[in-house]
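Reproduced below: entry36.cif, with mmCIF, C-alpha atoms and all ligand atoms.
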data_my_file
#
loop_
_atom_site.label_atom_id
_atom_site.label_comp_id
_atom_site.auth_asym_id
_atom_site.auth_seq_id
_atom_site.Cartn_x
_atom_site.Cartn_y
_atom_site.Cartn_z
CA MET K 1 0.00 0.00 0.00
CA LYS K 2 2.92 2.32 -0.77
CA LYS K 3 4.01 3.87 -4.08
CA THR K 4 6.24 6.72 -5.22
CA ALA K 5 5.54 8.86 -8.29
CA ARG K 6 7.36 11.68 -10.02
CA SER K 7 5.91 14.46 -12.12
CA HIS K 8 7.35 17.54 -13.81
CA ILE K 9 5.96 21.06 -13.98
CA ASN K 10 4.44 22.35 -17.20
CA ILE K 11 4.23 25.83 -18.63
CA ALA K 12 1.20 26.92 -20.60
CA LEU K 13 1.49 28.38 -24.10
CA ILE K 14 -2.27 28.94 -24.13
CA LYS K 15 -3.20 29.67 -20.54
CA TYR K 16 -5.89 28.40 -18.23
CA TRP K 17 -7.38 31.38 -16.43
CA GLY K 18 -10.84 31.09 -14.87
CA LYS K 19 -13.27 28.28 -14.13
CA LYS K 20 -16.76 27.49 -15.34
CA ASP K 21 -17.30 24.96 -12.54
CA LYS K 22 -15.49 25.36 -9.23
CA THR K 23 -16.43 21.98 -7.76
CA LEU K 24 -15.24 19.96 -10.74
CA ASN K 25 -12.48 22.46 -11.53
CA LEU K 26 -13.64 22.82 -15.14
CA PRO K 27 -11.80 25.62 -16.96
CA LEU K 28 -13.39 28.39 -19.05
CA THR K 29 -11.33 27.30 -22.06
CA SER K 30 -8.99 24.58 -23.27
CA SER K 31 -5.26 25.23 -22.80
CA VAL K 32 -1.94 24.06 -24.26
CA SER K 33 1.30 23.40 -22.37
CA LEU K 34 4.82 22.03 -22.46
CA THR K 35 6.02 19.74 -19.67
CA LEU K 36 9.58 20.70 -18.65
CA ASP K 37 12.46 18.47 -17.60
CA GLN K 38 14.19 20.54 -14.90
CA PHE K 39 11.59 20.97 -12.16
CA TYR K 40 9.67 18.12 -10.60
CA THR K 41 7.94 16.73 -7.55
CA THR K 42 8.49 13.25 -6.10
CA THR K 43 5.73 11.99 -3.84
CA THR K 44 5.31 8.82 -1.81
CA VAL K 45 1.86 7.80 -0.60
CA GLU K 46 1.48 5.05 1.99
CA TYR K 47 -1.98 4.04 3.22
CA LYS K 48 -1.85 3.04 6.88
CA LYS K 49 -4.55 1.25 8.81
CA GLY K 50 -4.04 3.03 12.15
CA LEU K 51 -4.16 6.64 10.91
CA THR K 52 -7.12 8.88 11.81
CA GLU K 53 -6.16 11.61 9.31
CA ASP K 54 -3.67 12.18 6.49
CA HIS K 55 -0.13 13.08 7.54
CA LEU K 56 1.60 15.36 5.06
CA TYR K 57 5.29 16.21 4.77
CA ILE K 58 6.53 18.64 2.12
CA ASP K 59 10.30 18.92 1.70
CA GLY K 60 10.69 17.26 5.09
CA ARG K 61 8.38 19.70 6.90
CA PHE K 62 5.23 18.46 8.70
CA ILE K 63 2.31 20.38 7.16
CA THR K 64 -0.87 21.53 8.92
CA GLY K 65 -3.54 24.17 8.20
CA ASP K 66 -4.78 25.20 4.75
CA GLU K 67 -2.08 23.38 2.80
CA LEU K 68 -2.97 20.09 4.53
CA LYS K 69 -6.67 20.78 4.02
CA ARG K 70 -6.26 21.22 0.27
CA VAL K 71 -4.32 17.96 -0.03
CA SER K 72 -6.68 16.07 2.30
CA ASN K 73 -9.73 17.26 0.34
CA PHE K 74 -8.11 15.90 -2.80
CA MET K 75 -7.29 12.61 -1.02
CA ASP K 76 -10.95 12.41 0.18
CA GLU K 77 -12.02 12.68 -3.46
CA ILE K 78 -9.69 9.82 -4.40
CA ARG K 79 -10.84 7.71 -1.42
CA LYS K 80 -14.47 8.27 -2.38
CA ARG K 81 -14.01 7.49 -6.08
CA TYR K 82 -11.95 4.32 -5.55
CA ASN K 83 -13.34 3.07 -2.21
CA ILE K 84 -10.09 3.45 -0.32
CA PRO K 85 -10.79 3.05 3.42
CA TYR K 86 -7.45 4.39 4.78
CA TYR K 87 -5.75 7.67 5.54
CA ALA K 88 -2.25 8.11 4.19
CA LEU K 89 1.24 9.19 5.01
CA ILE K 90 2.24 11.55 2.19
CA ASP K 91 5.86 12.51 1.75
CA SER K 92 6.53 15.00 -1.02
CA TYR K 93 9.71 16.70 -2.28
CA ASN K 94 9.88 19.55 -4.76
CA TYR K 95 13.04 19.51 -6.82
CA VAL K 96 13.65 23.01 -8.03
CA PRO K 97 17.04 24.68 -8.41
CA LYS K 98 17.30 26.47 -5.03
CA LYS K 99 14.04 28.03 -3.84
CA ALA K 100 12.78 29.12 -7.19
CA GLY K 101 9.35 30.64 -6.72
CA ILE K 102 8.18 28.52 -9.65
CA ALA K 103 4.62 27.25 -9.19
CA SER K 104 4.74 23.59 -8.31
CA SER K 105 1.03 22.76 -7.98
CA SER K 106 1.04 21.22 -11.47
CA SER K 107 3.77 18.71 -10.61
CA ALA K 108 2.56 18.28 -7.00
CA PHE K 109 -1.01 17.22 -7.74
CA SER K 110 -0.16 15.06 -10.75
CA ALA K 111 2.49 13.15 -8.75
CA LEU K 112 0.00 12.80 -5.89
CA ALA K 113 -2.81 11.56 -8.18
CA LEU K 114 -0.55 8.83 -9.57
CA ALA K 115 1.00 7.77 -6.23
CA ALA K 116 -2.34 7.82 -4.35
CA THR K 117 -4.14 5.59 -6.86
CA GLU K 118 -1.28 3.16 -7.50
CA ALA K 119 -0.58 2.77 -3.76
CA PHE K 120 -4.00 1.14 -3.46
CA GLY K 121 -3.55 -0.92 -6.65
CA VAL K 122 -5.84 1.32 -8.73
CA HIS K 123 -4.41 1.50 -12.27
CA LEU K 124 -5.92 4.39 -14.21
CA SER K 125 -5.55 5.19 -17.90
CA GLN K 126 -3.64 8.37 -18.72
CA LYS K 127 -6.94 10.08 -19.51
CA GLU K 128 -8.54 9.08 -16.19
CA LEU K 129 -5.43 10.12 -14.30
CA SER K 130 -5.40 13.50 -16.01
CA SER K 131 -9.06 14.16 -15.07
CA LEU K 132 -8.28 13.11 -11.51
CA ALA K 133 -5.19 15.35 -11.21
CA ARG K 134 -7.35 18.25 -12.49
CA LEU K 135 -9.43 18.05 -9.31
CA GLY K 136 -6.31 18.91 -7.27
CA SER K 137 -5.07 21.71 -9.51
CA GLY K 138 -6.19 22.53 -13.05
CA SER K 139 -2.70 22.69 -14.52
CA ALA K 140 -1.84 19.30 -12.94
CA SER K 141 -4.06 17.62 -15.56
CA ARG K 142 -1.42 18.59 -18.15
CA SER K 143 1.63 17.41 -16.15
CA ILE K 144 0.45 13.81 -16.56
CA ILE K 145 1.41 14.17 -20.25
CA SER K 146 4.93 14.26 -21.77
CA GLY K 147 5.95 17.23 -23.94
CA PHE K 148 3.22 19.34 -25.49
CA ALA K 149 -0.28 18.73 -24.11
CA ILE K 150 -3.77 20.06 -24.69
CA TRP K 151 -6.23 20.12 -21.80
CA HIS K 152 -9.71 19.90 -23.29
CA GLU K 153 -12.05 22.12 -21.30
CA GLY K 154 -14.87 19.54 -21.45
CA ASP K 155 -18.20 19.82 -19.69
CA SER K 156 -17.98 16.96 -17.20
CA HIS K 157 -15.36 15.26 -15.04
CA GLU K 158 -14.65 12.65 -17.71
CA SER K 159 -14.49 15.03 -20.69
CA SER K 160 -12.12 17.55 -19.06
CA TYR K 161 -8.64 16.01 -19.42
CA ALA K 162 -5.29 16.53 -21.11
CA GLU K 163 -3.67 14.51 -23.86
CA SER K 164 -0.71 14.82 -26.22
CA PHE K 165 -0.84 17.80 -28.57
CA TYR K 166 1.00 18.35 -31.86
CA ASP K 167 4.78 18.23 -31.46
CA TYR K 168 7.56 20.68 -32.25
CA ASN K 169 11.02 19.29 -31.80
CA ASP K 170 13.41 22.22 -31.83
CA VAL K 171 12.21 23.90 -28.64
CA ALA K 172 13.71 24.95 -25.29
CA VAL K 173 12.57 27.22 -22.49
CA ILE K 174 14.81 29.59 -20.55
CA ILE K 175 13.43 30.49 -17.14
CA ALA K 176 14.61 33.98 -16.21
CA PHE K 177 14.27 34.45 -12.47
CA VAL K 178 12.96 37.77 -11.28
CA ASP K 179 11.82 37.07 -7.75
CA LYS K 180 12.06 33.83 -5.81
CA ASN K 181 9.67 34.73 -3.04
CA GLU K 182 6.21 33.18 -2.73
CA LYS K 183 3.58 34.99 -4.72
CA LYS K 184 1.12 37.13 -2.76
CA VAL K 185 -2.09 35.98 -4.44
CA GLY K 186 -2.29 32.35 -5.56
CA SER K 187 -3.66 31.62 -9.04
CA ARG K 188 -6.64 29.83 -7.54
CA ASP K 189 -7.93 32.91 -5.68
CA ALA K 190 -6.84 35.34 -8.39
CA MET K 191 -8.70 33.59 -11.21
CA ASN K 192 -11.89 33.32 -9.17
CA ILE K 193 -12.08 37.14 -9.11
CA LEU K 194 -12.84 36.95 -12.84
CA THR K 195 -16.41 35.87 -12.04
CA ASP K 196 -17.00 39.47 -10.83
CA PHE K 197 -16.18 40.74 -14.34
CA PRO K 198 -18.55 38.97 -16.76
CA GLU K 199 -17.64 41.13 -19.77
CA LEU K 200 -13.91 40.62 -19.32
CA LYS K 201 -14.58 36.94 -18.86
CA ASN K 202 -16.42 36.65 -22.17
CA GLU K 203 -13.74 38.62 -24.03
CA TRP K 204 -11.12 36.32 -22.53
CA ILE K 205 -12.96 33.19 -23.69
CA THR K 206 -13.23 34.50 -27.28
CA LEU K 207 -9.61 35.61 -27.34
CA THR K 208 -8.30 32.32 -25.93
CA ASN K 209 -10.28 30.22 -28.40
CA ASP K 210 -8.86 32.39 -31.15
CA HIS K 211 -5.29 31.98 -29.91
CA LEU K 212 -5.83 28.24 -29.58
CA GLU K 213 -6.81 27.97 -33.25
CA ARG K 214 -3.86 30.12 -34.26
CA ILE K 215 -1.31 28.12 -32.29
CA LYS K 216 -2.69 24.86 -33.69
CA LEU K 217 -1.93 26.19 -37.18
CA GLY K 218 1.56 27.09 -36.02
CA PHE K 219 2.12 23.48 -34.93
CA ILE K 220 0.50 21.97 -38.03
CA ASN K 221 2.70 24.14 -40.27
CA GLN K 222 5.72 23.71 -37.95
CA ASP K 223 6.08 27.50 -37.91
CA PHE K 224 7.96 28.61 -34.78
CA ASN K 225 7.23 32.26 -35.47
CA ILE K 226 3.46 31.66 -35.33
CA ILE K 227 3.78 29.48 -32.22
CA GLY K 228 5.98 32.09 -30.53
CA THR K 229 4.03 35.23 -31.40
CA THR K 230 0.78 33.54 -30.38
CA LEU K 231 2.00 32.27 -27.00
CA GLU K 232 3.56 35.65 -26.27
CA SER K 233 0.48 37.72 -27.12
CA HIS K 234 -1.61 35.25 -25.13
CA ALA K 235 0.53 35.64 -21.99
CA ILE K 236 0.60 39.43 -22.32
CA LYS K 237 -3.20 39.53 -22.78
CA MET K 238 -3.62 37.33 -19.69
CA HIS K 239 -1.60 39.79 -17.61
CA GLU K 240 -3.57 42.75 -18.99
CA LEU K 241 -6.73 40.90 -17.96
CA ILE K 242 -5.40 40.07 -14.48
CA GLU K 243 -4.40 43.71 -13.98
CA LYS K 244 -7.93 44.85 -14.92
CA THR K 245 -9.21 42.65 -12.08
CA GLY K 246 -6.92 44.43 -9.62
CA ILE K 247 -3.91 42.09 -9.33
CA THR K 248 -0.40 42.71 -10.66
CA TYR K 249 2.13 39.89 -10.91
CA LEU K 250 4.74 41.48 -13.18
CA THR K 251 7.43 43.72 -11.73
CA ASP K 252 9.69 46.32 -13.37
CA LYS K 253 12.32 43.63 -13.72
CA SER K 254 9.82 41.32 -15.51
CA ARG K 255 8.97 44.15 -17.92
CA GLU K 256 12.65 44.82 -18.51
CA ILE K 257 13.18 41.18 -19.55
CA ILE K 258 10.13 41.36 -21.83
CA GLN K 259 11.51 44.51 -23.53
CA TYR K 260 14.95 42.92 -23.80
CA THR K 261 13.36 39.90 -25.50
CA HIS K 262 11.58 42.13 -27.99
CA ALA K 263 14.86 43.88 -28.79
CA LEU K 264 16.61 40.53 -29.32
CA ARG K 265 13.81 39.43 -31.62
CA GLU K 266 14.29 42.54 -33.73
CA LYS K 267 17.89 41.46 -34.14
CA GLY K 268 16.66 38.09 -35.49
CA TYR K 269 16.75 35.81 -32.41
CA PRO K 270 13.77 33.42 -32.07
CA VAL K 271 12.74 34.41 -28.51
CA TYR K 272 9.21 34.81 -27.13
CA VAL K 273 8.06 35.45 -23.55
CA SER K 274 5.43 33.85 -21.34
CA MET K 275 4.58 34.64 -17.70
CA ASP K 276 2.30 32.92 -15.20
CA ALA K 277 0.85 33.97 -11.85
CA GLY K 278 4.18 35.44 -10.75
CA PRO K 279 6.95 37.77 -11.95
CA ASN K 280 9.36 35.20 -13.45
CA VAL K 281 9.68 35.26 -17.24
CA LYS K 282 9.88 32.12 -19.36
CA ILE K 283 11.50 32.51 -22.76
CA PHE K 284 10.51 30.08 -25.48
CA THR K 285 13.28 29.62 -28.01
CA LYS K 286 14.71 27.01 -30.34
CA LYS K 287 16.93 24.36 -28.82
CA SER K 288 19.31 24.96 -31.73
CA SER K 289 19.56 28.65 -30.74
CA ILE K 290 20.32 28.12 -27.03
CA LYS K 291 24.07 28.53 -27.50
CA ASP K 292 23.56 32.02 -28.97
CA VAL K 293 20.65 33.14 -26.81
CA LEU K 294 21.61 31.87 -23.35
CA PRO K 295 24.68 34.10 -22.80
CA LEU K 296 22.55 37.14 -23.65
CA TYR K 297 20.12 36.35 -20.81
CA GLN K 298 22.87 35.25 -18.42
CA LYS K 299 24.18 38.81 -18.69
CA ILE K 300 21.00 40.24 -17.16
CA THR K 301 19.63 37.68 -14.68
CA GLU K 302 19.80 34.16 -13.25
CA VAL K 303 18.53 31.57 -15.71
CA VAL K 304 17.79 27.85 -16.05
CA VAL K 305 17.42 26.08 -19.40
CA CYS K 306 14.63 23.50 -19.68
CA ASN K 307 13.88 20.99 -22.37
CA LYS K 308 10.81 18.86 -22.95
CA GLY K 309 9.98 16.77 -19.90
CA LYS K 310 8.27 13.45 -19.30
CA GLY K 311 4.73 13.00 -18.03
CA ALA K 312 4.06 11.50 -14.56
CA TYR K 313 5.59 8.08 -13.83
CA LEU K 314 6.17 5.65 -10.97
CA ILE K 315 9.65 5.27 -9.57
O1 LIG P 401 -3.50 25.11 -11.94
P1 LIG P 401 -3.41 26.40 -11.21
O2 LIG P 401 -4.58 26.63 -10.33
O3 LIG P 401 -2.10 26.55 -10.49
O4 LIG P 401 -3.48 27.60 -12.29
C1 LIG P 401 -2.50 27.81 -13.31
C2 LIG P 401 -2.61 29.17 -13.86
C3 LIG P 401 -1.52 29.61 -14.81
O5 LIG P 401 -0.29 29.03 -14.47
C4 LIG P 401 -1.36 31.12 -14.72
C5 LIG P 401 -1.86 29.29 -16.26
C6 LIG P 401 -1.73 27.86 -16.70
O6 LIG P 401 -2.47 27.48 -17.61
O7 LIG P 401 -0.87 27.12 -16.18
#

Would you put the structure from the file into structure tokens?
Ligand code: PMV
Amino acid sequence: MKKTARSHINIALIKYWGKKDKTLNLPLTSSVSLTLDQFYTTTTVEYKKGLTEDHLYIDGRFITGDELKRVSNFMDEIRKRYNIPYYALIDSYNYVPKKAGIASSSSAFSALALAATEAFGVHLSQKELSSLARLGSGSASRSIISGFAIWHEGDSHESSYAESFYDYNDVAVIIAFVDKNEKKVGSRDAMNILTDFPELKNEWITLTNDHLERIKLGFINQDFNIIGTTLESHAIKMHELIEKTGITYLTDKSREIIQYTHALREKGYPVYVSMDAGPNVKIFTKKSSIKDVLPLYQKITEVVVCNKGKGAYLI
């Protein structure tokens, strides 16, 4: 009754921002992501007969309060769905270069979904596992999948899941660190504010569906320029939207790196930015261009290069 699973973080090219169903964690739109190789979570779940509640350790620390509650609620969901009568000892480690301030809920909940089912001998298909991970954290549905993934918005638990998307081989992501502290407003709370802005919400749905169609064409035609310009305008639009709802994640330093990227692009480098619910900037580029591009970013900030990563697996 004990299993260990590993899962990597993913970064969205077409973002998930806002829910149409909070209980099932159904997103307003579909989204597209790339699972990365450098950052991951390793989680062991052991069901124990004597326990009267879940015991959670993250990076060796015993966890109580809201963080435990979120994980225990997710475990309750798993227990209910698969008739598991035991509480668990959960031991989770986040492997990130130093303390990176990179969101780890995608890797955390996908590793937990896999370990918590397998520890009780429940073998799910990739699709079922992705739907399950979604209940813990929306973006976790995509970390089940290797490389590029699409999370179909769906309209039920079963139809909202991620699967492999089109591929593009010559890709790498440079993470440019801006601030390693914990973000002030988590994505979960921040995106819920969108329900107070119905017009913005509708505009966002139309825009995202549009960007999704455009990026698909980029992949079908293997056109990095279309993929890059689309993911960049999408990220920038998401931050404009978030700012209209009263939250700002980007700092002056983030904006400086965005400007720097635009200047490099004018000089012919294939570099495009994306930012999530925090100030760090992720630069999508070609793997074949890393040798030219990396030193240019190393000059201005601390960076880590990521390649395509694997989906969740047992170890
Ligand atoms: O899965 P959550 O609740 O951590 O939300 C993820 C939100 C973004 O990272 C900003 C976008 C995305 O699609 O990953």

Pick out the residues no farther than 10 Å from ligand LIG 401 (chain P), counting all atoms listed in the file, and list them as an mmCIF file with C-alpha atoms, keeping the file's coordinate frame.
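After the write, part.cif holds the following:
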data_model
loop_
_atom_site.group_PDB
_atom_site.id
_atom_site.type_symbol
_atom_site.label_atom_id
_atom_site.label_comp_id
_atom_site.auth_asym_id
_atom_site.auth_seq_id
_atom_site.Cartn_x
_atom_site.Cartn_y
_atom_site.Cartn_z
ATOM 1 C CA ILE K 9 5.960 21.060 -13.980
ATOM 2 C CA ASN K 10 4.440 22.350 -17.200
ATOM 3 C CA ILE K 11 4.230 25.830 -18.630
ATOM 4 C CA ALA K 12 1.200 26.920 -20.600
ATOM 5 C CA LEU K 13 1.490 28.380 -24.100
ATOM 6 C CA ILE K 14 -2.270 28.940 -24.130
ATOM 7 C CA LYS K 15 -3.200 29.670 -20.540
ATOM 8 C CA TYR K 16 -5.890 28.400 -18.230
ATOM 9 C CA TRP K 17 -7.380 31.380 -16.430
ATOM 10 C CA GLY K 18 -10.840 31.090 -14.870
ATOM 11 C CA LYS K 19 -13.270 28.280 -14.130
ATOM 12 C CA ASN K 25 -12.480 22.460 -11.530
ATOM 13 C CA PRO K 27 -11.800 25.620 -16.960
ATOM 14 C CA THR K 29 -11.330 27.300 -22.060
ATOM 15 C CA SER K 30 -8.990 24.580 -23.270
ATOM 16 C CA SER K 31 -5.260 25.230 -22.800
ATOM 17 C CA VAL K 32 -1.940 24.060 -24.260
ATOM 18 C CA SER K 33 1.300 23.400 -22.370
ATOM 19 C CA LEU K 34 4.820 22.030 -22.460
ATOM 20 C CA ILE K 102 8.180 28.520 -9.650
ATOM 21 C CA ALA K 103 4.620 27.250 -9.190
ATOM 22 C CA SER K 104 4.740 23.590 -8.310
ATOM 23 C CA SER K 105 1.030 22.760 -7.980
ATOM 24 C CA SER K 106 1.040 21.220 -11.470
ATOM 25 C CA SER K 107 3.770 18.710 -10.610
ATOM 26 C CA PHE K 109 -1.010 17.220 -7.740
ATOM 27 C CA ALA K 133 -5.190 15.350 -11.210
ATOM 28 C CA ARG K 134 -7.350 18.250 -12.490
ATOM 29 C CA LEU K 135 -9.430 18.050 -9.310
ATOM 30 C CA GLY K 136 -6.310 18.910 -7.270
ATOM 31 C CA SER K 137 -5.070 21.710 -9.510
ATOM 32 C CA GLY K 138 -6.190 22.530 -13.050
ATOM 33 C CA SER K 139 -2.700 22.690 -14.520
ATOM 34 C CA ALA K 140 -1.840 19.300 -12.940
ATOM 35 C CA SER K 141 -4.060 17.620 -15.560
ATOM 36 C CA ARG K 142 -1.420 18.590 -18.150
ATOM 37 C CA TRP K 151 -6.230 20.120 -21.800
ATOM 38 C CA GLY K 186 -2.290 32.350 -5.560
ATOM 39 C CA SER K 187 -3.660 31.620 -9.040
ATOM 40 C CA ARG K 188 -6.640 29.830 -7.540
ATOM 41 C CA ASP K 189 -7.930 32.910 -5.680
ATOM 42 C CA ALA K 190 -6.840 35.340 -8.390
ATOM 43 C CA MET K 191 -8.700 33.590 -11.210
ATOM 44 C CA ASN K 192 -11.890 33.320 -9.170
ATOM 45 C CA ALA K 235 0.530 35.640 -21.990
ATOM 46 C CA MET K 238 -3.620 37.330 -19.690
ATOM 47 C CA HIS K 239 -1.600 39.790 -17.610
ATOM 48 C CA ILE K 242 -5.400 40.070 -14.480
ATOM 49 C CA SER K 274 5.430 33.850 -21.340
ATOM 50 C CA MET K 275 4.580 34.640 -17.700
ATOM 51 C CA ASP K 276 2.300 32.920 -15.200
ATOM 52 C CA ALA K 277 0.850 33.970 -11.850
ATOM 53 C CA GLY K 278 4.180 35.440 -10.750
#

> Out of K:Ile315, K:Leu241, K:Leu24, K:Leu264, which residue has the shortest atom-to-atom distance to Glu203 in chain K when counting only C-alpha atoms?
Replying inline: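 For Glu203 in chain K, the nearest of the candidates is K:Leu241.
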
> By how many Å are CA of Glu67 in chain K and CA of Asn94 in chain K apart?
Replying inline: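 Atom-to-atom, CA of Glu67 in chain K to CA of Asn94 in chain K, that is 14.7 Å.
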
>> If we count all atoms listed in the file and set the cut-off at 9 Å, which residues sit around Lys237 in chain K, ignoring sequence neighbours fewer than 5 positions away in its own chain? Please answer as a ChimeraX atom specification.
In response: /K:204,207,232,242

>> For a quick check of understanding, using only C-alpha atoms, which of K:Ser7, K:Ala176, K:Ser233, K:Lys287 has the smallest distance to Ile257 in chain K?
In response: K:Ala176

> Looking at K:Lys299, K:Lys216, K:Lys2, K:Arg265, which one is nearest to Thr285 in chain K, with distances taken over all atoms listed in the file?
Replying inline: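 Closest to Thr285 in chain K, using all atoms listed in the file: K:Arg265.
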
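The spacing separating CA of Thr230 in chain K from CA of Tyr272 in chain K amounts to 9.1 Å.
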
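Going from CA of Phe74 in chain K over to CA of Lys310 in chain K, you cover 23.4 Å.
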
> Can you list, as a PyMOL selection string, every protein, DNA or RNA residue that comes within 9 Å of Lys253 in chain K when you count only C-alpha atoms, leaving out same-chain residues fewer than 5 positions away?
Replying inline: chain K and resi 178-179+258+279-280

If you count all atoms listed in the file, which residues fall within 7 Å of range 158-165 of chain K, apart from same-chain ones fewer than 4 positions away, as a tab-separated table (two decimals) with C-alpha atoms, in the coordinates of the input?
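The file below, selection_30.tsv, is the result:
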chain	number	residue	atom	x	y	z
K	26	LEU	CA	-13.64	22.82	-15.14
K	127	LYS	CA	-6.94	10.08	-19.51
K	130	SER	CA	-5.40	13.50	-16.01
K	131	SER	CA	-9.06	14.16	-15.07
K	141	SER	CA	-4.06	17.62	-15.56
K	142	ARG	CA	-1.42	18.59	-18.15
K	145	ILE	CA	1.41	14.17	-20.25
K	148	PHE	CA	3.22	19.34	-25.49
K	149	ALA	CA	-0.28	18.73	-24.11
K	150	ILE	CA	-3.77	20.06	-24.69
K	151	TRP	CA	-6.23	20.12	-21.80
K	152	HIS	CA	-9.71	19.90	-23.29
K	153	GLU	CA	-12.05	22.12	-21.30
K	154	GLY	CA	-14.87	19.54	-21.45

Sphere at (-12.7, 45.6, -5.1), radius 10 Å, counting all atoms listed in the file: residues as a tab-separated table (two decimals) with C-alpha atoms, keeping the file's coordinate frame:
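Saved to selection_12.tsv:
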chain	number	residue	atom	x	y	z
K	193	ILE	CA	-12.08	37.14	-9.11
K	196	ASP	CA	-17.00	39.47	-10.83
K	245	THR	CA	-9.21	42.65	-12.08
K	246	GLY	CA	-6.92	44.43	-9.62

> Which is closer to Ile174 in chain K than all the others in K:Lys80, K:Lys48, K:His55, K:Lys308, using all atoms listed in the file?
Replying inline: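 For Ile174 in chain K, the nearest of the candidates is K:Lys308.
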
>> Within 12 Å of (10.2, 17.3, -7.1) in the file's own coordinates, which protein, DNA or RNA residues have an atom, counting only C-alpha atoms? List them as JSON, numbers by chain.
In response: {"K": [4, 5, 6, 7, 8, 9, 37, 38, 39, 40, 41, 42, 43, 44, 58, 59, 91, 92, 93, 94, 95, 96, 97, 98, 99, 102, 103, 104, 105, 106, 107, 108, 109, 110, 111, 112, 312]}

>> Nearest residue to Ile300 in chain K out of K:Arg70, K:Ser254, K:Ile78, K:Lys49, using only C-alpha atoms?
In response: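 Going through K:Arg70, K:Ser254, K:Ile78, K:Lys49 one by one, the smallest distance to Ile300 in chain K is for K:Ser254.
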
>> When you count all atoms listed in the file, which of these residues is closest to Thr208 in chain K: K:Met1, K:Ile226, K:Leu28, K:Cys306?
In response: K:Leu28

Please, could all heavy atoms be added to range 258-262 of chain K and the result written as a PDB file, in the frame of the given file?
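Result went into rebuild-v4.pdb, see below:
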ATOM      1  N   ILE K 258      11.033  41.431 -20.672  1.00  0.00           N
ATOM      2  CA  ILE K 258      10.130  41.360 -21.830  1.00  0.00           C
ATOM      3  C   ILE K 258      10.632  42.305 -22.929  1.00  0.00           C
ATOM      4  O   ILE K 258      10.756  41.913 -24.096  1.00  0.00           O
ATOM      5  CB  ILE K 258       8.672  41.703 -21.402  1.00  0.00           C
ATOM      6  CG1 ILE K 258       8.158  40.651 -20.409  1.00  0.00           C
ATOM      7  CG2 ILE K 258       7.750  41.796 -22.619  1.00  0.00           C
ATOM      8  CD1 ILE K 258       6.867  41.013 -19.686  1.00  0.00           C
ATOM      9  N   GLN K 259      10.986  43.532 -22.551  1.00  0.00           N
ATOM     10  CA  GLN K 259      11.510  44.510 -23.530  1.00  0.00           C
ATOM     11  C   GLN K 259      12.800  44.000 -24.176  1.00  0.00           C
ATOM     12  O   GLN K 259      13.000  44.111 -25.380  1.00  0.00           O
ATOM     13  CB  GLN K 259      11.827  45.857 -22.843  1.00  0.00           C
ATOM     14  CG  GLN K 259      10.623  46.609 -22.317  1.00  0.00           C
ATOM     15  CD  GLN K 259       9.572  46.823 -23.380  1.00  0.00           C
ATOM     16  OE1 GLN K 259       9.890  47.016 -24.553  1.00  0.00           O
ATOM     17  NE2 GLN K 259       8.292  46.731 -23.005  1.00  0.00           N
ATOM     18  N   TYR K 260      13.654  43.455 -23.341  1.00  0.00           N
ATOM     19  CA  TYR K 260      14.950  42.920 -23.800  1.00  0.00           C
ATOM     20  C   TYR K 260      14.715  41.836 -24.845  1.00  0.00           C
ATOM     21  O   TYR K 260      15.374  41.763 -25.873  1.00  0.00           O
ATOM     22  CB  TYR K 260      15.662  42.365 -22.565  1.00  0.00           C
ATOM     23  CG  TYR K 260      17.084  41.903 -22.765  1.00  0.00           C
ATOM     24  CD1 TYR K 260      18.112  42.809 -22.930  1.00  0.00           C
ATOM     25  CD2 TYR K 260      17.395  40.536 -22.734  1.00  0.00           C
ATOM     26  CE1 TYR K 260      19.429  42.382 -23.078  1.00  0.00           C
ATOM     27  CE2 TYR K 260      18.705  40.100 -22.874  1.00  0.00           C
ATOM     28  CZ  TYR K 260      19.722  41.028 -23.046  1.00  0.00           C
ATOM     29  OH  TYR K 260      21.009  40.588 -23.189  1.00  0.00           O
ATOM     30  N   THR K 261      13.695  40.983 -24.566  1.00  0.00           N
ATOM     31  CA  THR K 261      13.360  39.900 -25.500  1.00  0.00           C
ATOM     32  C   THR K 261      12.881  40.464 -26.829  1.00  0.00           C
ATOM     33  O   THR K 261      13.264  39.975 -27.899  1.00  0.00           O
ATOM     34  CB  THR K 261      12.292  38.979 -24.860  1.00  0.00           C
ATOM     35  OG1 THR K 261      12.803  38.500 -23.620  1.00  0.00           O
ATOM     36  CG2 THR K 261      11.928  37.819 -25.755  1.00  0.00           C
ATOM     37  N   HIS K 262      12.066  41.513 -26.750  1.00  0.00           N
ATOM     38  CA  HIS K 262      11.580  42.130 -27.990  1.00  0.00           C
ATOM     39  C   HIS K 262      12.743  42.695 -28.808  1.00  0.00           C
ATOM     40  O   HIS K 262      12.785  42.564 -30.028  1.00  0.00           O
ATOM     41  CB  HIS K 262      10.561  43.221 -27.674  1.00  0.00           C
ATOM     42  CG  HIS K 262       9.284  42.652 -27.130  1.00  0.00           C
ATOM     43  ND1 HIS K 262       8.301  43.416 -26.558  1.00  0.00           N
ATOM     44  CD2 HIS K 262       8.847  41.369 -27.060  1.00  0.00           C
ATOM     45  CE1 HIS K 262       7.306  42.628 -26.167  1.00  0.00           C
ATOM     46  NE2 HIS K 262       7.635  41.380 -26.453  1.00  0.00           N
TER      47      HIS K 262
END
